[in-house]
file coords_35.txt (compact mmCIF, C-alpha atoms)
# COMPACT_ATOMS: atom_id res chain seq x y z
CA MET E 1 -1.44 -1.00 -20.95
CA GLU E 2 -4.44 0.39 -22.80
CA LEU E 3 -5.94 3.54 -21.29
CA PRO E 4 -9.38 2.04 -20.39
CA LYS E 5 -7.65 -0.84 -18.58
CA SER E 6 -5.39 1.58 -16.71
CA LEU E 7 -8.38 3.67 -15.68
CA SER E 8 -10.34 0.66 -14.43
CA ALA E 9 -7.32 -0.59 -12.46
CA ILE E 10 -6.78 2.77 -10.75
CA LEU E 11 -10.46 3.30 -9.96
CA PHE E 12 -10.78 -0.23 -8.59
CA TYR E 13 -7.69 0.13 -6.42
CA GLN E 14 -8.58 3.61 -5.20
CA ALA E 15 -12.18 2.62 -4.38
CA GLU E 16 -12.98 6.33 -4.03
CA PRO E 17 -14.22 8.99 -6.46
CA MET E 18 -11.38 10.56 -8.42
CA THR E 19 -11.33 13.74 -10.46
CA ILE E 20 -10.50 13.79 -14.16
CA LYS E 21 -7.57 16.06 -13.37
CA ARG E 22 -6.11 13.64 -10.85
CA LEU E 23 -6.45 10.70 -13.23
CA ALA E 24 -4.72 12.74 -15.92
CA GLY E 25 -1.87 13.46 -13.53
CA PHE E 26 -1.48 9.81 -12.55
CA LEU E 27 -1.46 8.55 -16.12
CA LYS E 28 0.38 11.54 -17.61
CA ARG E 29 -2.38 12.09 -20.16
CA SER E 30 -4.45 15.12 -21.07
CA GLU E 31 -7.88 15.54 -19.50
CA GLY E 32 -9.40 15.12 -22.95
CA GLU E 33 -7.68 11.75 -23.34
CA ILE E 34 -8.96 10.70 -19.92
CA ARG E 35 -12.53 11.62 -20.86
CA ASP E 36 -12.23 9.62 -24.09
CA GLY E 37 -10.75 6.71 -22.15
CA LEU E 38 -13.65 6.79 -19.69
CA LEU E 39 -16.12 6.57 -22.58
CA LEU E 40 -14.30 3.48 -23.83
CA LEU E 41 -14.31 2.06 -20.31
CA GLU E 42 -18.07 2.57 -20.06
CA ASP E 43 -18.53 0.62 -23.28
CA ALA E 44 -16.24 -2.15 -22.02
CA LEU E 45 -18.21 -2.44 -18.77
CA HIS E 46 -21.53 -2.74 -20.59
CA GLY E 47 -23.13 -6.08 -19.79
CA THR E 48 -21.05 -6.66 -16.66
CA GLY E 49 -21.95 -6.17 -13.01
CA ILE E 50 -19.79 -3.05 -12.78
CA ARG E 51 -20.57 0.45 -14.01
CA LEU E 52 -18.86 3.82 -14.15
CA ILE E 53 -20.52 6.41 -11.91
CA ARG E 54 -20.06 10.10 -12.64
CA ASN E 55 -20.67 13.04 -10.35
CA GLY E 56 -19.58 16.30 -11.91
CA ASP E 57 -15.84 16.04 -12.54
CA GLN E 58 -15.48 12.94 -10.36
CA VAL E 59 -15.76 9.30 -11.39
CA THR E 60 -15.75 5.99 -9.56
CA LEU E 61 -16.68 2.36 -10.09
CA GLY E 62 -19.87 0.91 -8.67
CA THR E 63 -22.18 -2.07 -9.02
CA MET E 64 -25.15 -2.25 -11.36
CA PRO E 65 -28.62 -1.57 -9.87
CA GLU E 66 -29.64 -5.12 -10.80
CA ALA E 67 -27.13 -6.41 -8.25
CA SER E 68 -28.63 -4.43 -5.35
CA ALA E 69 -30.33 -7.45 -3.76
CA LEU E 70 -27.12 -9.47 -3.88
CA ILE E 71 -25.08 -6.59 -2.46
CA GLU E 72 -27.63 -6.10 0.31
CA THR E 73 -27.33 -9.77 1.30
CA MET E 74 -23.54 -9.55 1.38
CA THR E 75 -23.69 -6.33 3.38
CA LYS E 76 -25.91 -7.91 6.03
CA GLU E 77 -23.50 -10.84 6.26
CA GLU E 78 -20.55 -8.48 6.72
CA LEU E 79 -22.38 -6.52 9.40
CA SER E 80 -23.17 -9.70 11.31
CA ARG E 81 -19.48 -10.49 11.74
CA ASP E 82 -17.28 -9.16 14.50
CA LEU E 83 -14.76 -6.51 13.56
CA SER E 84 -11.39 -7.93 12.59
CA LYS E 85 -8.15 -6.90 14.26
CA ALA E 86 -7.29 -4.80 11.20
CA SER E 87 -10.69 -3.06 11.37
CA LEU E 88 -10.25 -2.27 15.06
CA GLU E 89 -6.76 -0.96 14.35
CA THR E 90 -8.08 1.32 11.60
CA LEU E 91 -10.98 2.44 13.76
CA ALA E 92 -8.61 3.37 16.59
CA ILE E 93 -6.51 5.53 14.24
CA ILE E 94 -9.63 7.37 13.05
CA LEU E 95 -10.93 7.80 16.60
CA TYR E 96 -7.73 9.21 18.03
CA LYS E 97 -6.24 10.95 15.00
CA GLY E 98 -9.27 11.84 12.90
CA PRO E 99 -10.27 13.53 10.77
CA VAL E 100 -7.59 11.70 8.81
CA THR E 101 -6.98 10.83 5.15
CA ARG E 102 -6.73 7.29 3.85
CA SER E 103 -3.08 7.81 2.92
CA GLU E 104 -2.32 8.80 6.53
CA ILE E 105 -4.10 5.68 7.79
CA ASP E 106 -2.17 3.54 5.31
CA TYR E 107 1.09 5.16 6.43
CA VAL E 108 0.50 4.35 10.09
CA ARG E 109 -0.67 0.79 9.39
CA GLY E 110 1.84 0.10 6.63
CA VAL E 111 -0.81 -1.53 4.38
CA ASN E 112 -3.69 -0.50 2.14
CA SER E 113 -6.89 0.17 4.12
CA THR E 114 -9.36 0.70 1.27
CA PHE E 115 -11.63 -2.27 1.88
CA ILE E 116 -11.50 -1.94 5.66
CA LEU E 117 -12.66 1.67 5.36
CA ARG E 118 -15.47 0.56 3.07
CA ASN E 119 -16.58 -1.97 5.68
CA LEU E 120 -16.50 0.62 8.46
CA LEU E 121 -18.48 3.05 6.30
CA ILE E 122 -21.11 0.40 5.63
CA ARG E 123 -21.42 -0.26 9.34
CA GLY E 124 -21.98 3.44 9.98
CA LEU E 125 -19.00 3.63 12.34
CA ILE E 126 -17.13 6.26 10.33
CA GLU E 127 -18.06 8.91 7.80
CA ARG E 128 -16.22 10.37 4.84
CA VAL E 129 -16.14 14.12 4.20
CA ASP E 130 -14.41 16.38 1.71
CA ASN E 131 -10.88 17.40 2.54
CA PRO E 132 -10.73 21.22 2.44
CA ALA E 133 -6.94 21.10 2.17
CA ASP E 134 -6.96 18.77 -0.84
CA GLN E 135 -10.02 18.28 -3.04
CA ARG E 136 -8.46 15.11 -4.45
CA SER E 137 -8.86 13.22 -1.16
CA PHE E 138 -11.33 12.68 1.66
CA LEU E 139 -11.19 12.80 5.43
CA TYR E 140 -12.46 10.00 7.65
CA LYS E 141 -13.86 10.66 11.09
CA PRO E 142 -15.96 8.79 13.67
CA THR E 143 -19.75 9.03 13.48
CA PHE E 144 -22.02 10.07 16.34
CA GLN E 145 -23.23 6.47 16.33
CA LEU E 146 -19.70 5.26 17.10
CA LEU E 147 -19.21 7.81 19.87
CA GLU E 148 -22.54 6.79 21.35
CA TYR E 149 -21.51 3.14 21.19
CA MET E 150 -18.21 4.03 22.89
CA GLY E 151 -20.15 5.78 25.64
CA VAL E 152 -18.53 9.19 25.16
CA SER E 153 -19.94 12.59 24.27
CA ARG E 154 -16.85 13.75 22.41
CA VAL E 155 -13.60 12.32 21.10
CA GLU E 156 -11.59 13.96 23.87
CA ASP E 157 -13.42 11.76 26.40
CA LEU E 158 -11.98 8.55 24.94
CA PRO E 159 -9.77 6.48 27.28
CA LYS E 160 -6.18 7.73 27.46
CA HIS E 161 -6.91 10.24 24.70
CA SER E 162 -3.88 12.48 25.22
CA GLU E 163 -1.47 9.58 25.81
CA THR E 164 -2.64 7.73 22.70
CA ILE E 165 -2.35 10.80 20.48
CA ALA E 166 1.15 11.45 21.85
CA ALA E 167 2.13 7.83 21.17
CA LEU E 168 0.76 8.00 17.61
CA THR E 169 2.59 11.26 16.97
CA GLN E 170 5.83 9.78 18.30
CA PHE E 171 5.38 6.64 16.20
CA ILE E 172 4.88 8.67 13.01
CA SER E 173 7.82 10.95 13.83
CA THR E 174 10.12 7.98 14.49
CA LYS E 175 9.00 6.28 11.28
CA GLU E 176 9.63 9.42 9.23
CA GLU E 177 13.08 9.87 10.79
CA GLU E 178 13.98 6.26 10.05
CA GLU E 179 12.84 6.58 6.44
CA TYR E 180 14.80 9.82 6.06
CA ARG E 181 17.90 8.20 7.56
CA LEU E 182 17.69 5.22 5.21
CA GLU E 183 17.04 7.46 2.22
CA HIS E 184 20.06 9.67 2.96
CA ALA E 185 22.39 6.97 4.27
CA GLU E 186 25.96 7.21 2.93
CA GLY E 187 27.09 4.55 0.49
CA VAL E 188 29.23 1.66 1.69
CA PRO E 189 32.95 1.99 0.73
CA ASP E 190 34.01 -0.25 -2.14
CA ASP E 191 36.62 -2.06 0.00
CA THR E 192 33.95 -3.32 2.38
CA ALA E 193 31.04 -3.66 -0.04
CA SER E 194 31.62 -7.41 -0.33
CA GLY E 195 31.70 -7.81 3.45
CA THR E 196 35.43 -8.74 3.50
CA THR E 197 38.59 -6.72 4.15
CA PRO E 198 41.34 -6.34 1.52
CA GLU E 199 43.51 -8.76 3.55
CA GLU E 200 40.71 -11.34 3.61
CA GLU E 201 40.19 -10.94 -0.13
CA ALA E 202 43.92 -11.51 -0.69
CA ASP E 203 43.73 -14.70 1.38
CA VAL E 204 40.77 -15.84 -0.69
CA GLU E 205 42.68 -15.19 -3.92
CA GLU E 206 45.68 -17.16 -2.65
CA THR E 207 43.42 -20.03 -1.65
CA ASP E 208 41.77 -19.99 -5.07
CA GLU E 209 45.14 -20.01 -6.83
CA ALA E 210 46.34 -22.90 -4.67
CA GLY E 211 43.20 -24.79 -5.49
CA GLU E 212 43.71 -24.22 -9.20
CA ASN E 213 47.38 -25.40 -8.94
CA PHE E 214 46.27 -28.52 -7.09
CA ASP E 215 43.79 -29.30 -9.82
CA ASP E 216 46.50 -28.90 -12.48
CA GLU E 217 48.92 -31.19 -10.61
CA GLU E 218 46.22 -33.79 -10.12
CA LEU E 219 45.36 -33.65 -13.80
CA GLU E 220 49.03 -34.04 -14.80
CA GLU E 221 49.36 -37.06 -12.48
CA HIS E 222 46.38 -38.72 -14.12
CA ARG E 223 47.91 -38.07 -17.54
CA LYS E 224 51.19 -39.77 -16.52
CA LYS E 225 49.27 -42.80 -15.23
CA ASP E 226 47.40 -43.02 -18.51
CA GLN E 227 50.67 -42.92 -20.47
CA LEU E 228 52.17 -45.74 -18.33
CA GLU E 229 49.09 -47.89 -18.84
CA VAL E 230 49.35 -47.39 -22.59

call {"tool": "encode", "arguments": {"input": "coords_35.txt", "output": "structure tokens"}}
result
Amino acid sequence: MELPKSLSAILFYQAEPMTIKRLAGFLKRSEGEIRDGLLLLEDALHGTGIRLIRNGDQVTLGTMPEASALIETMTKEELSRDLSKASLETLAIILYKGPVTRSEIDYVRGVNSTFILRNLLIRGLIERVDNPADQRSFLYKPTFQLLEYMGVSRVEDLPKHSETIAALTQFISTKEEEEYRLEHAEGVPDDTASGTTPEEEADVEETDEAGENFDDEELEEHRKKDQLEV
């Protein structure tokens, strides 16, 4: 795939600002090649509703200013809807485990949460801050508005706070152990790889041979009948 197309695909999927260095690592290209590719991408996006937004060494995709009225209308429509089950699930993870990265949220849920996070950010229920442990990612945490809506002064006052955190921790630990077990599972012996024992395989071979002999005898019988008719 051409570099500009690869860059647009990654930036669209990530839906978050990414550094030139991180893009270079993903695509196994030099930072200079990434910068050149971004210039080509900017040219390719010219005349569309999407633009490349730069902030220092970070880049992301965004909509054109001309589309602001349309985006505002869509945003109001989204905000008028009730939160989906997936949104509530994501919100609960952020409330009880935050600050948390998107990859951690995805790991717990088992699916990509990019667009759900965007929706929650638009609603002002969560906020995104820099991750001091990894400048390539962000942390998501509940806003004061959300805590106020929940009727609590701090996260620790949430219902069953300790129990829920313990359950989440146990869930993640169990999932990691299961993945480790599957990854390091011993191979199945050759004798049982087909799901049958050597004795059963021998029986199958004998049955196959008998079937082949029967077919030969039947064919020979038909030949004799043909000769008699002639």

call {"tool": "closest_residue", "arguments": {"input": "coords_35.txt", "among": "E:Ala15, E:Leu52, E:Leu146, E:Ile93", "to": "E:Thr169", "atoms": "all atoms listed in the file"}}
result
E:Ile93

call {"tool": "residues_around", "arguments": {"input": "coords_35.txt", "residues": "E:Lys141", "least_positions_apart": "2", "cutoff": "7 Å", "atoms": "only C-alpha atoms", "output": "list in words"}}
result
Ile94, Leu95, Gly98, Pro99, Val100, Ile126, Glu127, Arg128, Leu139 and Thr143 of chain E

call {"tool": "closest_residue", "arguments": {"input": "coords_35.txt", "among": "E:Glu33, E:Glu16, E:Glu89, E:Glu77", "to": "E:Leu61", "atoms": "all atoms listed in the file"}}
result
E:Glu16

call {"tool": "residues_around", "arguments": {"input": "coords_35.txt", "residues": "E:Glu42", "least_positions_apart": "4", "cutoff": "12 Å", "atoms": "only C-alpha atoms", "output": "list of chain:residue names"}}
result
E:Pro4, E:Lys5, E:Leu7, E:Ser8, E:Arg35, E:Asp36, E:Gly37, E:Leu38, E:His46, E:Gly47, E:Thr48, E:Gly49, E:Ile50, E:Arg51, E:Leu52, E:Ile53, E:Arg54, E:Val59, E:Thr60, E:Leu61, E:Gly62

call {"tool": "residues_near_point", "arguments": {"input": "coords_35.txt", "point": "(-7.4, 17.3, -7.7)", "cutoff": "9 Å", "atoms": "all atoms listed in the file", "output": "PDB file with C-alpha atoms, in the frame of the given file"}}
result
ATOM      1  CA  MET E  18     -11.380  10.560  -8.420  1.00  0.00           C
ATOM      2  CA  THR E  19     -11.330  13.740 -10.460  1.00  0.00           C
ATOM      3  CA  ILE E  20     -10.500  13.790 -14.160  1.00  0.00           C
ATOM      4  CA  LYS E  21      -7.570  16.060 -13.370  1.00  0.00           C
ATOM      5  CA  ARG E  22      -6.110  13.640 -10.850  1.00  0.00           C
ATOM      6  CA  LEU E  23      -6.450  10.700 -13.230  1.00  0.00           C
ATOM      7  CA  GLY E  25      -1.870  13.460 -13.530  1.00  0.00           C
ATOM      8  CA  ASP E 134      -6.960  18.770  -0.840  1.00  0.00           C
ATOM      9  CA  GLN E 135     -10.020  18.280  -3.040  1.00  0.00           C
ATOM     10  CA  ARG E 136      -8.460  15.110  -4.450  1.00  0.00           C
ATOM     11  CA  SER E 137      -8.860  13.220  -1.160  1.00  0.00           C
TER      12      SER E 137
END

call {"tool": "axis_aligned_box", "arguments": {"input": "coords_35.txt", "around": "stretch 107-120 of chain E", "padding_each_side": "3 Å", "output": "JSON"}}
result
{"center_x": -7.4, "center_y": 1.4, "center_z": 5.7, "size_x": 24.4, "size_y": 13.4, "size_z": 14.8}

call {"tool": "closest_residue", "arguments": {"input": "coords_35.txt", "among": "E:Gly32, E:Ser68, E:Ser6, E:Lys97", "to": "E:Ala166", "atoms": "all atoms listed in the file"}}
result
E:Lys97

call {"tool": "closest_residue", "arguments": {"input": "coords_35.txt", "among": "E:Met1, E:Ile71, E:Leu168, E:Glu179", "to": "E:Glu104", "atoms": "all atoms listed in the file"}}
result
E:Leu168

call {"tool": "atom_distance", "arguments": {"input": "coords_35.txt", "atom1": "atom CA of E:Ile105", "atom2": "atom CA of E:Ala86"}}
result
11.5 Å

call {"tool": "closest_residue", "arguments": {"input": "coords_35.txt", "among": "E:Asp157, E:Tyr96, E:Leu3, E:Asp82", "to": "E:Ser30", "atoms": "only C-alpha atoms"}}
result
E:Leu3

call {"tool": "atom_distance", "arguments": {"input": "coords_35.txt", "atom1": "atom CA of E:Ser113", "atom2": "atom CA of E:Ile172"}}
result
17.0 Å
